[in-house]
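The structure file my_file08.pdb is reproduced below (PDB, C-alpha atoms, pLDDT in the B column).
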ATOM      1  CA  ALA A 621     -40.188 -22.486 -15.490  1.00 54.00           C
ATOM      2  CA  PRO A 622     -37.142 -20.333 -14.844  1.00 55.00           C
ATOM      3  CA  GLY A 623     -37.920 -16.714 -14.198  1.00 53.00           C
ATOM      4  CA  ALA A 624     -41.645 -17.309 -14.084  1.00 54.00           C
ATOM      5  CA  GLY A 625     -41.856 -16.070 -10.502  1.00 53.00           C
ATOM      6  CA  ASN A 626     -42.235 -19.255  -8.548  1.00 52.00           C
ATOM      7  CA  SER A 627     -43.740 -17.974  -5.312  1.00 58.00           C
ATOM      8  CA  GLU A 628     -42.267 -20.748  -3.176  1.00 62.00           C
ATOM      9  CA  GLU A 629     -38.655 -19.919  -3.939  1.00 60.00           C
ATOM     10  CA  GLN A 630     -36.832 -17.071  -2.269  1.00 65.00           C
ATOM     11  CA  PRO A 631     -34.233 -15.282  -4.388  1.00 66.00           C
ATOM     12  CA  VAL A 632     -30.869 -16.532  -3.207  1.00 67.00           C
ATOM     13  CA  SER A 633     -28.721 -13.580  -2.251  1.00 71.00           C
ATOM     14  CA  ALA A 634     -25.107 -13.686  -1.102  1.00 77.00           C
ATOM     15  CA  LEU A 635     -24.345 -15.599   2.074  1.00 79.00           C
ATOM     16  CA  VAL A 636     -25.105 -13.568   5.159  1.00 80.00           C
ATOM     17  CA  TYR A 637     -22.616 -14.143   7.937  1.00 75.00           C
ATOM     18  CA  GLU A 638     -23.683 -13.842  11.520  1.00 79.00           C
ATOM     19  CA  ASN A 639     -21.727 -11.742  13.946  1.00 78.00           C
ATOM     20  CA  THR A 640     -18.899 -13.521  15.691  1.00 76.00           C
ATOM     21  CA  TYR A 641     -18.581 -10.643  18.166  1.00 80.00           C
ATOM     22  CA  LYS A 642     -14.849 -11.148  18.074  1.00 79.00           C
ATOM     23  CA  MET A 643     -12.903  -7.966  18.594  1.00 79.00           C
ATOM     24  CA  LYS A 644      -9.425  -9.417  18.270  1.00 81.00           C
ATOM     25  CA  PRO A 645      -7.938 -11.863  15.784  1.00 82.00           C
ATOM     26  CA  ASP A 646      -7.206 -15.452  16.796  1.00 80.00           C
ATOM     27  CA  LYS A 647      -3.962 -15.404  14.898  1.00 82.00           C
ATOM     28  CA  LYS A 648      -2.201 -12.077  14.823  1.00 83.00           C
ATOM     29  CA  PHE A 649      -0.178 -10.837  11.851  1.00 83.00           C
ATOM     30  CA  GLN A 650       3.361 -12.031  12.517  1.00 84.00           C
ATOM     31  CA  SER A 651       5.770  -9.588  10.904  1.00 85.00           C
ATOM     32  CA  GLY A 652       8.860 -11.706  11.584  1.00 89.00           C
ATOM     33  CA  ALA A 653       7.538 -14.787   9.833  1.00 89.00           C
ATOM     34  CA  VAL A 654       6.122 -12.732   6.955  1.00 89.00           C
ATOM     35  CA  ARG A 655       9.392 -10.898   6.494  1.00 90.00           C
ATOM     36  CA  ARG A 656      11.330 -14.146   6.278  1.00 90.00           C
ATOM     37  CA  ALA A 657       8.873 -15.509   3.736  1.00 89.00           C
ATOM     38  CA  MET A 658       9.148 -12.343   1.652  1.00 90.00           C
ATOM     39  CA  GLU A 659      12.929 -12.457   1.705  1.00 90.00           C
ATOM     40  CA  GLU A 660      12.788 -16.025   0.467  1.00 89.00           C
ATOM     41  CA  VAL A 661      10.533 -15.055  -2.420  1.00 88.00           C
ATOM     42  CA  LEU A 662      12.829 -12.202  -3.394  1.00 88.00           C
ATOM     43  CA  GLN A 663      15.935 -14.362  -3.191  1.00 88.00           C
ATOM     44  CA  THR A 664      14.490 -17.096  -5.371  1.00 88.00           C
ATOM     45  CA  ARG A 665      13.038 -14.734  -7.957  1.00 86.00           C
ATOM     46  CA  MET A 666      15.753 -12.141  -8.210  1.00 85.00           C
ATOM     47  CA  VAL A 667      18.855 -14.256  -8.498  1.00 83.00           C
ATOM     48  CA  LYS A 668      20.893 -13.166 -11.522  1.00 80.00           C
ATOM     49  CA  VAL A 669      18.239 -10.798 -12.819  1.00 82.00           C
ATOM     50  CA  LYS A 670      19.506  -7.846 -14.815  1.00 83.00           C
ATOM     51  CA  TYR A 671      17.525  -4.668 -15.261  1.00 82.00           C
ATOM     52  CA  ASP A 672      15.636  -4.847 -18.535  1.00 84.00           C
ATOM     53  CA  PRO A 673      13.044  -2.114 -19.119  1.00 83.00           C
ATOM     54  CA  ALA A 674      10.873  -4.495 -21.068  1.00 86.00           C
ATOM     55  CA  LYS A 675      10.858  -7.259 -18.496  1.00 85.00           C
ATOM     56  CA  VAL A 676      10.880  -5.430 -15.173  1.00 86.00           C
ATOM     57  CA  PRO A 677       7.198  -4.317 -15.224  1.00 87.00           C
ATOM     58  CA  GLU A 678       6.141  -7.946 -15.542  1.00 87.00           C
ATOM     59  CA  LEU A 679       8.588  -8.965 -12.855  1.00 86.00           C
ATOM     60  CA  THR A 680       7.246  -6.364 -10.419  1.00 87.00           C
ATOM     61  CA  LYS A 681       3.680  -7.541 -10.932  1.00 86.00           C
ATOM     62  CA  LEU A 682       4.779 -11.148 -10.569  1.00 87.00           C
ATOM     63  CA  LEU A 683       6.529 -10.412  -7.281  1.00 87.00           C
ATOM     64  CA  ALA A 684       3.482  -8.567  -5.940  1.00 86.00           C
ATOM     65  CA  ASN A 685       1.221 -11.496  -6.804  1.00 87.00           C
ATOM     66  CA  GLU A 686       3.604 -14.068  -5.369  1.00 88.00           C
ATOM     67  CA  ILE A 687       3.944 -12.223  -2.099  1.00 88.00           C
ATOM     68  CA  MET A 688       0.159 -11.956  -1.962  1.00 88.00           C
ATOM     69  CA  ALA A 689      -0.096 -15.732  -2.434  1.00 88.00           C
ATOM     70  CA  VAL A 690       2.432 -16.282   0.354  1.00 88.00           C
ATOM     71  CA  LEU A 691       0.410 -14.024   2.668  1.00 88.00           C
ATOM     72  CA  LYS A 692      -2.752 -15.988   1.951  1.00 87.00           C
ATOM     73  CA  GLN A 693      -0.946 -19.215   2.817  1.00 88.00           C
ATOM     74  CA  PHE A 694      -0.359 -17.964   6.323  1.00 86.00           C
ATOM     75  CA  GLU A 695      -4.121 -18.119   6.894  1.00 84.00           C
ATOM     76  CA  PHE A 696      -4.550 -15.003   8.952  1.00 85.00           C
ATOM     77  CA  ASP A 697      -8.315 -14.969   9.300  1.00 84.00           C
ATOM     78  CA  ARG A 698     -10.267 -11.754   8.735  1.00 85.00           C
ATOM     79  CA  TYR A 699      -7.153  -9.938   7.607  1.00 88.00           C
ATOM     80  CA  LYS A 700      -6.965  -7.711   4.557  1.00 89.00           C
ATOM     81  CA  PHE A 701      -3.595  -7.550   2.827  1.00 89.00           C
ATOM     82  CA  ILE A 702      -1.829  -4.936   0.758  1.00 89.00           C
ATOM     83  CA  THR A 703       1.447  -5.669  -1.002  1.00 90.00           C
ATOM     84  CA  GLN A 704       3.593  -3.071  -2.657  1.00 90.00           C
ATOM     85  CA  VAL A 705       6.700  -3.795  -4.732  1.00 90.00           C
ATOM     86  CA  ILE A 706       9.085  -1.106  -5.997  1.00 89.00           C
ATOM     87  CA  ALA A 707      11.824  -2.089  -8.425  1.00 89.00           C
ATOM     88  CA  GLY A 708      14.331   0.147 -10.119  1.00 87.00           C
ATOM     89  CA  GLU A 709      17.534   0.313 -12.034  1.00 86.00           C
ATOM     90  CA  PHE A 710      20.569   0.819  -9.894  1.00 83.00           C
ATOM     91  CA  LYS A 711      22.561   3.704 -11.327  1.00 83.00           C
ATOM     92  CA  GLY A 712      23.982   5.284  -8.224  1.00 80.00           C
ATOM     93  CA  GLN A 713      20.995   7.515  -7.634  1.00 80.00           C
ATOM     94  CA  GLY A 714      19.530   8.167  -4.223  1.00 79.00           C
ATOM     95  CA  ILE A 715      16.140   6.798  -3.334  1.00 81.00           C
ATOM     96  CA  ARG A 716      14.102   6.752  -0.176  1.00 84.00           C
ATOM     97  CA  VAL A 717      10.870   4.909   0.566  1.00 85.00           C
ATOM     98  CA  ALA A 718       8.817   5.713   3.649  1.00 85.00           C
ATOM     99  CA  SER A 719       5.386   4.735   4.817  1.00 85.00           C
ATOM    100  CA  ARG A 720       3.138   5.564   7.680  1.00 86.00           C
ATOM    101  CA  ALA A 721      -0.333   4.477   8.624  1.00 86.00           C
ATOM    102  CA  VAL A 722      -3.313   5.191  10.791  1.00 85.00           C
ATOM    103  CA  TRP A 723      -4.548   1.868  12.077  1.00 86.00           C
ATOM    104  CA  ASP A 724      -5.115  -0.224  15.179  1.00 85.00           C
ATOM    105  CA  THR A 725      -1.626  -0.960  16.490  1.00 84.00           C
ATOM    106  CA  SER A 726      -2.698  -3.967  18.511  1.00 86.00           C
ATOM    107  CA  THR A 727      -3.917  -5.946  15.509  1.00 86.00           C
ATOM    108  CA  ASP A 728      -2.421  -4.404  12.355  1.00 88.00           C
ATOM    109  CA  SER A 729       1.142  -4.607  11.221  1.00 87.00           C
ATOM    110  CA  TYR A 730       3.514  -4.672   8.276  1.00 89.00           C
ATOM    111  CA  ALA A 731       6.619  -6.433   7.025  1.00 90.00           C
ATOM    112  CA  SER A 732       9.194  -5.308   4.480  1.00 89.00           C
ATOM    113  CA  ALA A 733      12.111  -6.851   2.638  1.00 91.00           C
ATOM    114  CA  SER A 734      14.580  -5.621   0.075  1.00 88.00           C
ATOM    115  CA  TYR A 735      17.016  -7.058  -2.400  1.00 89.00           C
ATOM    116  CA  LYS A 736      19.874  -5.486  -4.296  1.00 87.00           C
ATOM    117  CA  ASN A 737      22.339  -6.578  -6.920  1.00 84.00           C
ATOM    118  CA  ALA A 738      24.606  -4.761  -9.326  1.00 83.00           C
ATOM    119  CA  SER A 739      21.948  -3.560 -11.732  1.00 86.00           C
ATOM    120  CA  ILE A 740      18.614  -3.712  -9.934  1.00 88.00           C
ATOM    121  CA  PHE A 741      17.062  -3.126  -6.522  1.00 88.00           C
ATOM    122  CA  VAL A 742      13.716  -4.262  -5.185  1.00 90.00           C
ATOM    123  CA  VAL A 743      11.801  -3.105  -2.108  1.00 90.00           C
ATOM    124  CA  ALA A 744       8.731  -5.055  -1.046  1.00 91.00           C
ATOM    125  CA  MET A 745       6.211  -4.093   1.651  1.00 90.00           C
ATOM    126  CA  ALA A 746       3.306  -6.107   2.976  1.00 90.00           C
ATOM    127  CA  PHE A 747       0.602  -4.709   5.263  1.00 90.00           C
ATOM    128  CA  GLY A 748      -1.948  -6.727   7.209  1.00 89.00           C
ATOM    129  CA  ILE A 749      -5.097  -4.986   8.411  1.00 88.00           C
ATOM    130  CA  PHE A 750      -7.650  -6.692  10.630  1.00 87.00           C
ATOM    131  CA  GLN A 751     -11.270  -6.409   9.555  1.00 82.00           C
ATOM    132  CA  GLU A 752     -13.139  -5.320  12.652  1.00 73.00           C
TER     133      GLU A 752
ATOM    134  CA  MET B 771     -28.237   9.499  -1.070  1.00 45.00           C
ATOM    135  CA  GLU B 772     -29.313   9.512   2.524  1.00 44.00           C
ATOM    136  CA  ASP B 773     -26.725   8.479   5.034  1.00 43.00           C
ATOM    137  CA  ALA B 774     -27.253   8.640   8.762  1.00 45.00           C
ATOM    138  CA  ARG B 775     -23.905  10.280   9.299  1.00 45.00           C
ATOM    139  CA  GLY B 776     -23.942  12.358   6.170  1.00 44.00           C
ATOM    140  CA  GLU B 777     -20.506  11.089   5.103  1.00 54.00           C
ATOM    141  CA  GLU B 778     -19.442   8.831   2.302  1.00 64.00           C
ATOM    142  CA  LYS B 779     -18.260   5.403   3.249  1.00 72.00           C
ATOM    143  CA  THR B 780     -16.377   4.614   0.079  1.00 78.00           C
ATOM    144  CA  PHE B 781     -12.908   5.714  -0.844  1.00 81.00           C
ATOM    145  CA  VAL B 782     -13.082   8.943  -2.878  1.00 85.00           C
ATOM    146  CA  VAL B 783     -10.094   9.100  -5.184  1.00 87.00           C
ATOM    147  CA  GLU B 784     -10.201  12.747  -6.280  1.00 88.00           C
ATOM    148  CA  GLU B 785     -10.361  14.091  -2.780  1.00 86.00           C
ATOM    149  CA  VAL B 786      -7.399  12.005  -1.682  1.00 87.00           C
ATOM    150  CA  ASN B 787      -5.402  13.031  -4.756  1.00 89.00           C
ATOM    151  CA  THR B 788      -5.905  16.702  -3.885  1.00 88.00           C
ATOM    152  CA  VAL B 789      -4.723  16.045  -0.351  1.00 86.00           C
ATOM    153  CA  ILE B 790      -1.576  14.311  -1.603  1.00 87.00           C
ATOM    154  CA  LYS B 791      -0.787  17.037  -4.119  1.00 87.00           C
ATOM    155  CA  GLU B 792      -1.076  19.757  -1.484  1.00 86.00           C
ATOM    156  CA  SER B 793       1.121  17.851   0.945  1.00 86.00           C
ATOM    157  CA  ILE B 794       3.882  17.349  -1.613  1.00 86.00           C
ATOM    158  CA  GLU B 795       3.852  20.929  -2.841  1.00 86.00           C
ATOM    159  CA  ASN B 796       3.879  22.341   0.665  1.00 85.00           C
ATOM    160  CA  THR B 797       6.858  20.241   1.669  1.00 85.00           C
ATOM    161  CA  ILE B 798       9.125  20.363  -1.341  1.00 83.00           C
ATOM    162  CA  GLN B 799       8.292  23.785  -2.753  1.00 80.00           C
ATOM    163  CA  ASN B 800      10.405  23.558  -5.895  1.00 78.00           C
ATOM    164  CA  ALA B 801      13.586  22.602  -4.068  1.00 82.00           C
ATOM    165  CA  ALA B 802      16.331  20.586  -5.741  1.00 84.00           C
ATOM    166  CA  TYR B 803      17.270  17.074  -4.683  1.00 84.00           C
ATOM    167  CA  HIS B 804      19.523  17.078  -1.643  1.00 85.00           C
ATOM    168  CA  HIS B 805      20.588  13.791  -0.175  1.00 84.00           C
ATOM    169  CA  ASN B 806      20.499  14.998   3.416  1.00 86.00           C
ATOM    170  CA  LYS B 807      17.121  16.673   3.101  1.00 85.00           C
ATOM    171  CA  VAL B 808      15.295  13.728   1.582  1.00 86.00           C
ATOM    172  CA  ALA B 809      14.696  11.942   4.877  1.00 85.00           C
ATOM    173  CA  GLN B 810      13.076  15.053   6.276  1.00 86.00           C
ATOM    174  CA  TRP B 811      10.937  15.586   3.179  1.00 85.00           C
ATOM    175  CA  ASN B 812       9.783  12.008   3.142  1.00 86.00           C
ATOM    176  CA  SER B 813       8.654  12.108   6.762  1.00 86.00           C
ATOM    177  CA  ASN B 814       7.015  15.475   6.285  1.00 86.00           C
ATOM    178  CA  ILE B 815       5.057  14.474   3.201  1.00 85.00           C
ATOM    179  CA  VAL B 816       3.782  11.312   4.811  1.00 85.00           C
ATOM    180  CA  GLU B 817       2.863  12.976   8.085  1.00 85.00           C
ATOM    181  CA  LEU B 818       1.128  15.870   6.379  1.00 86.00           C
ATOM    182  CA  CYS B 819      -0.844  13.497   4.165  1.00 86.00           C
ATOM    183  CA  LEU B 820      -1.933  11.389   7.089  1.00 86.00           C
ATOM    184  CA  LYS B 821      -2.937  14.408   9.138  1.00 87.00           C
ATOM    185  CA  LYS B 822      -5.070  15.822   6.326  1.00 89.00           C
ATOM    186  CA  LEU B 823      -6.609  12.443   5.601  1.00 88.00           C
ATOM    187  CA  THR B 824      -7.656  11.953   9.191  1.00 87.00           C
ATOM    188  CA  GLN B 825      -9.143  15.447   9.162  1.00 88.00           C
ATOM    189  CA  LEU B 826     -11.540  14.229   6.454  1.00 86.00           C
ATOM    190  CA  ASN B 827     -13.232  12.358   9.295  1.00 88.00           C
ATOM    191  CA  LYS B 828     -14.111   9.211   7.421  1.00 88.00           C
ATOM    192  CA  PRO B 829     -14.375   5.703   8.923  1.00 88.00           C
ATOM    193  CA  PHE B 830     -11.164   4.538   7.244  1.00 88.00           C
ATOM    194  CA  LYS B 831      -7.780   3.175   8.156  1.00 89.00           C
ATOM    195  CA  TYR B 832      -5.058   4.674   5.955  1.00 89.00           C
ATOM    196  CA  ILE B 833      -1.650   3.550   4.756  1.00 89.00           C
ATOM    197  CA  VAL B 834       0.515   6.167   3.058  1.00 89.00           C
ATOM    198  CA  THR B 835       3.709   5.239   1.203  1.00 89.00           C
ATOM    199  CA  CYS B 836       6.092   7.808  -0.235  1.00 89.00           C
ATOM    200  CA  THR B 837       9.030   7.164  -2.560  1.00 89.00           C
ATOM    201  CA  VAL B 838      11.461   9.926  -3.459  1.00 88.00           C
ATOM    202  CA  MET B 839      14.002   9.233  -6.170  1.00 87.00           C
ATOM    203  CA  GLN B 840      16.669  11.352  -7.735  1.00 86.00           C
ATOM    204  CA  LYS B 841      16.447  11.861 -11.482  1.00 85.00           C
ATOM    205  CA  ASN B 842      19.396  10.035 -12.875  1.00 83.00           C
ATOM    206  CA  GLY B 843      18.149   8.432 -16.030  1.00 82.00           C
ATOM    207  CA  ALA B 844      17.403   5.241 -14.141  1.00 83.00           C
ATOM    208  CA  GLY B 845      14.116   3.426 -14.502  1.00 84.00           C
ATOM    209  CA  LEU B 846      11.705   2.785 -11.649  1.00 86.00           C
ATOM    210  CA  HIS B 847       8.684   0.506 -11.423  1.00 88.00           C
ATOM    211  CA  ALA B 848       6.131   0.154  -8.679  1.00 87.00           C
ATOM    212  CA  ALA B 849       3.361  -2.427  -8.394  1.00 88.00           C
ATOM    213  CA  SER B 850       0.896  -3.210  -5.678  1.00 87.00           C
ATOM    214  CA  SER B 851      -1.694  -5.862  -5.109  1.00 88.00           C
ATOM    215  CA  ALA B 852      -4.391  -5.904  -2.474  1.00 88.00           C
ATOM    216  CA  PHE B 853      -6.717  -8.381  -0.860  1.00 88.00           C
ATOM    217  CA  TRP B 854      -9.663  -6.400   0.477  1.00 88.00           C
ATOM    218  CA  ASP B 855     -13.314  -5.550   0.115  1.00 86.00           C
ATOM    219  CA  SER B 856     -13.501  -3.885  -3.282  1.00 85.00           C
ATOM    220  CA  THR B 857     -16.870  -2.258  -2.588  1.00 86.00           C
ATOM    221  CA  THR B 858     -15.572  -0.049   0.195  1.00 86.00           C
ATOM    222  CA  ASP B 859     -11.773   0.024  -0.009  1.00 88.00           C
ATOM    223  CA  GLY B 860      -9.618   1.808  -2.521  1.00 87.00           C
ATOM    224  CA  SER B 861      -6.198   3.139  -3.314  1.00 89.00           C
ATOM    225  CA  THR B 862      -4.636   5.896  -5.313  1.00 91.00           C
ATOM    226  CA  THR B 863      -1.130   6.676  -6.478  1.00 90.00           C
ATOM    227  CA  TYR B 864       0.033  10.184  -7.227  1.00 90.00           C
ATOM    228  CA  LYS B 865       3.185  10.922  -9.216  1.00 90.00           C
ATOM    229  CA  TYR B 866       4.901  14.252  -8.818  1.00 88.00           C
ATOM    230  CA  ASP B 867       7.661  15.344 -11.148  1.00 86.00           C
ATOM    231  CA  SER B 868      10.159  18.071 -10.446  1.00 85.00           C
ATOM    232  CA  LYS B 869      13.332  18.956 -12.323  1.00 86.00           C
ATOM    233  CA  THR B 870      15.611  16.914 -10.111  1.00 86.00           C
ATOM    234  CA  MET B 871      13.453  14.233  -8.596  1.00 86.00           C
ATOM    235  CA  TYR B 872      10.422  12.004  -8.735  1.00 87.00           C
ATOM    236  CA  VAL B 873       7.968  11.665  -5.883  1.00 89.00           C
ATOM    237  CA  ILE B 874       5.460   8.820  -5.854  1.00 89.00           C
ATOM    238  CA  VAL B 875       2.845   8.732  -3.103  1.00 90.00           C
ATOM    239  CA  SER B 876       0.412   5.825  -2.660  1.00 89.00           C
ATOM    240  CA  VAL B 877      -2.529   5.984  -0.322  1.00 90.00           C
ATOM    241  CA  PHE B 878      -4.544   2.902   0.601  1.00 89.00           C
ATOM    242  CA  GLY B 879      -7.842   3.372   2.409  1.00 89.00           C
ATOM    243  CA  LEU B 880      -9.540   0.460   4.137  1.00 88.00           C
ATOM    244  CA  ALA B 881     -13.015   0.780   5.561  1.00 87.00           C
ATOM    245  CA  ILE B 882     -13.473  -0.044   9.174  1.00 82.00           C
TER     246      ILE B 882
END
Could you take the file, read its structure, and then write that structure out as structure tokens?
Amino acid sequence: APGAGNSEEQPVSALVYENTYKMKPDKKFQSGAVRRAMEEVLQTRMVKVKYDPAKVPELTKLLANEIMAVLKQFEFDRYKFITQVIAGEFKGQGIRVASRAVWDTSTDSYASASYKNASIFVVAMAFGIFQE
Amino acid sequence: MEDARGEEKTFVVEEVNTVIKESIENTIQNAAYHHNKVAQWNSNIVELCLKKLTQLNKPFKYIVTCTVMQKNGAGLHAASSAFWDSTTDGSTTYKYDSKTMYVIVSVFGLAI
């Protein structure tokens, strides 16, 4: 009977992975390829889009999720990803985006892409961090 | 909670927020938006944040992003999505508002 404490069964916990003892990734994060893929996503999604304060929040989230899906398609094993998308209305104001990180430079990297048209600008950043 | 090293291994949001706030206030100090100074401010904020975060001595890799925008009546949206281990990794975003500009700082912490 379920839950009656069958002494022969062990409680099934989450899968326990054994150590691979791998220090470096097999396939390293390729910023060039990722950047090209991101630019493609931006081009296809942002064509003829006008800034609309009601629609842009949804658009930003959509772009972040799409770029995340693209990153997963690359199949970089044991990599964690972070995507950040910043979109704003283009009104002649100044804006600057900078980022810096403390990580392992031999395995971790980033890629960024931007898009601009008359009424809207988009900056997208993707970071890939290797899970040691 | 007993921990062999005596340090927390999860991302603590409040602590990081305090670090970010101090870094921004130290760098900008109530100044007005100046196009030529923004590059300097941006680098300073990010470097200061990273330095203070590493001084916390936690087993984390950090990514700090800083956006400075002039107040012009324009709208701005930021979104981020992450693929990580949600038990140990975290992120925080801090928005700072001055009379002439907006500063948005995001910090992502990933456990080693």
Residue among B:Val873, B:Gly879, B:Thr835, B:Asp855 lying closest to chain A, counting only C-alpha atoms: B:Thr835
A:Leu682 surroundings by all atoms listed in the file, 12 Å radius, close-in-sequence under 2 positions cut, as a PyMOL selection string: (chain A and resi 661-662+665-666+675-680+684-689+703-707+744) or (chain B and resi 848-851)
Take the residues from that selection and write them out as a CSV table (one decimal), in the coordinates of the input, keeping C-alpha atoms.
chain,number,residue,atom,x,y,z
A,661,VAL,CA,10.5,-15.1,-2.4
A,662,LEU,CA,12.8,-12.2,-3.4
A,665,ARG,CA,13.0,-14.7,-8.0
A,666,MET,CA,15.8,-12.1,-8.2
A,675,LYS,CA,10.9,-7.3,-18.5
A,676,VAL,CA,10.9,-5.4,-15.2
A,677,PRO,CA,7.2,-4.3,-15.2
A,678,GLU,CA,6.1,-7.9,-15.5
A,679,LEU,CA,8.6,-9.0,-12.9
A,680,THR,CA,7.2,-6.4,-10.4
A,684,ALA,CA,3.5,-8.6,-5.9
A,685,ASN,CA,1.2,-11.5,-6.8
A,686,GLU,CA,3.6,-14.1,-5.4
A,687,ILE,CA,3.9,-12.2,-2.1
A,688,MET,CA,0.2,-12.0,-2.0
A,689,ALA,CA,-0.1,-15.7,-2.4
A,703,THR,CA,1.4,-5.7,-1.0
A,704,GLN,CA,3.6,-3.1,-2.7
A,705,VAL,CA,6.7,-3.8,-4.7
A,706,ILE,CA,9.1,-1.1,-6.0
A,707,ALA,CA,11.8,-2.1,-8.4
A,744,ALA,CA,8.7,-5.1,-1.0
B,848,ALA,CA,6.1,0.2,-8.7
B,849,ALA,CA,3.4,-2.4,-8.4
B,850,SER,CA,0.9,-3.2,-5.7
B,851,SER,CA,-1.7,-5.9,-5.1
Pick from B:Glu795, B:Ser868, B:Lys841, B:Lys828, whichever lies nearest to chain A using only C-alpha atoms: B:Lys841
Selection result of the PyMOL selection byres ((chain A and resi 727-743) around 6) on this file, as a ChimeraX atom specification: /A:651,655,659,670-671,705-710,724-726,744-750
Taking C-alpha atoms for each residue, export the selection above as a compact mmCIF listing (two decimals), in the coordinates of the input.
# COMPACT_ATOMS: atom_id res chain seq x y z
CA SER A 651 5.77 -9.59 10.90
CA ARG A 655 9.39 -10.90 6.49
CA GLU A 659 12.93 -12.46 1.70
CA LYS A 670 19.51 -7.85 -14.82
CA TYR A 671 17.52 -4.67 -15.26
CA VAL A 705 6.70 -3.80 -4.73
CA ILE A 706 9.09 -1.11 -6.00
CA ALA A 707 11.82 -2.09 -8.43
CA GLY A 708 14.33 0.15 -10.12
CA GLU A 709 17.53 0.31 -12.03
CA PHE A 710 20.57 0.82 -9.89
CA ASP A 724 -5.12 -0.22 15.18
CA THR A 725 -1.63 -0.96 16.49
CA SER A 726 -2.70 -3.97 18.51
CA ALA A 744 8.73 -5.06 -1.05
CA MET A 745 6.21 -4.09 1.65
CA ALA A 746 3.31 -6.11 2.98
CA PHE A 747 0.60 -4.71 5.26
CA GLY A 748 -1.95 -6.73 7.21
CA ILE A 749 -5.10 -4.99 8.41
CA PHE A 750 -7.65 -6.69 10.63
Do you know which residues lie at most 12 Å from (-12.8, 8.8, -1.7), with coordinates as in the file and all atoms listed in the file counted, and could you write them as a PDB file with C-alpha atoms, in the coordinates of the input?
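Final output, saved to point.pdb:
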ATOM      1  CA  GLU B 777     -20.506  11.089   5.103  1.00 54.00           C
ATOM      2  CA  GLU B 778     -19.442   8.831   2.302  1.00 64.00           C
ATOM      3  CA  LYS B 779     -18.260   5.403   3.249  1.00 72.00           C
ATOM      4  CA  THR B 780     -16.377   4.614   0.079  1.00 78.00           C
ATOM      5  CA  PHE B 781     -12.908   5.714  -0.844  1.00 81.00           C
ATOM      6  CA  VAL B 782     -13.082   8.943  -2.878  1.00 85.00           C
ATOM      7  CA  VAL B 783     -10.094   9.100  -5.184  1.00 87.00           C
ATOM      8  CA  GLU B 784     -10.201  12.747  -6.280  1.00 88.00           C
ATOM      9  CA  GLU B 785     -10.361  14.091  -2.780  1.00 86.00           C
ATOM     10  CA  VAL B 786      -7.399  12.005  -1.682  1.00 87.00           C
ATOM     11  CA  ASN B 787      -5.402  13.031  -4.756  1.00 89.00           C
ATOM     12  CA  THR B 788      -5.905  16.702  -3.885  1.00 88.00           C
ATOM     13  CA  VAL B 789      -4.723  16.045  -0.351  1.00 86.00           C
ATOM     14  CA  LEU B 823      -6.609  12.443   5.601  1.00 88.00           C
ATOM     15  CA  LEU B 826     -11.540  14.229   6.454  1.00 86.00           C
ATOM     16  CA  ASN B 827     -13.232  12.358   9.295  1.00 88.00           C
ATOM     17  CA  LYS B 828     -14.111   9.211   7.421  1.00 88.00           C
ATOM     18  CA  PRO B 829     -14.375   5.703   8.923  1.00 88.00           C
ATOM     19  CA  PHE B 830     -11.164   4.538   7.244  1.00 88.00           C
ATOM     20  CA  TYR B 832      -5.058   4.674   5.955  1.00 89.00           C
ATOM     21  CA  THR B 857     -16.870  -2.258  -2.588  1.00 86.00           C
ATOM     22  CA  THR B 858     -15.572  -0.049   0.195  1.00 86.00           C
ATOM     23  CA  ASP B 859     -11.773   0.024  -0.009  1.00 88.00           C
ATOM     24  CA  GLY B 860      -9.618   1.808  -2.521  1.00 87.00           C
ATOM     25  CA  SER B 861      -6.198   3.139  -3.314  1.00 89.00           C
ATOM     26  CA  THR B 862      -4.636   5.896  -5.313  1.00 91.00           C
ATOM     27  CA  VAL B 877      -2.529   5.984  -0.322  1.00 90.00           C
ATOM     28  CA  PHE B 878      -4.544   2.902   0.601  1.00 89.00           C
ATOM     29  CA  GLY B 879      -7.842   3.372   2.409  1.00 89.00           C
ATOM     30  CA  LEU B 880      -9.540   0.460   4.137  1.00 88.00           C
ATOM     31  CA  ALA B 881     -13.015   0.780   5.561  1.00 87.00           C
TER      32      ALA B 881
END
On this structure, the PyMOL selection byres ((chain A and resi 645) around 9) would catch which residues? List them as a JSON list (two decimals) with C-alpha atoms, in the frame of the given file, sorted by chain and number.
[["chain", "number", "residue", "atom", "x", "y", "z"],
["A", 642, "LYS", "CA", -14.85, -11.15, 18.07],
["A", 643, "MET", "CA", -12.90, -7.97, 18.59],
["A", 644, "LYS", "CA", -9.43, -9.42, 18.27],
["A", 646, "ASP", "CA", -7.21, -15.45, 16.80],
["A", 647, "LYS", "CA", -3.96, -15.40, 14.90],
["A", 648, "LYS", "CA", -2.20, -12.08, 14.82],
["A", 649, "PHE", "CA", -0.18, -10.84, 11.85],
["A", 696, "PHE", "CA", -4.55, -15.00, 8.95],
["A", 697, "ASP", "CA", -8.32, -14.97, 9.30],
["A", 698, "ARG", "CA", -10.27, -11.75, 8.74],
["A", 699, "TYR", "CA", -7.15, -9.94, 7.61],
["A", 727, "THR", "CA", -3.92, -5.95, 15.51],
["A", 750, "PHE", "CA", -7.65, -6.69, 10.63],
["A", 751, "GLN", "CA", -11.27, -6.41, 9.56],
["A", 752, "GLU", "CA", -13.14, -5.32, 12.65]]
Interface residues on chain B facing chain A, 6 Å, all atoms listed in the file, written as a VMD selection string: chain B and resid 831 to 840 844 to 854
Closest of B:Asn842, B:Ile882, B:Tyr872, B:Thr824 to B:Ile798 - atom-to-atom distances counting all atoms listed in the file: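 Nearest to B:Ile798: B:Tyr872.
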Point-to-point distance in Å for atom CA of B:Ile794 and atom CA of B:Trp811: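 A separation of 8.7 Å between them.
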Point-to-point distance in Å for atom CA of B:Ile790 and atom CA of B:Lys807: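 So the answer is 19.4 Å.
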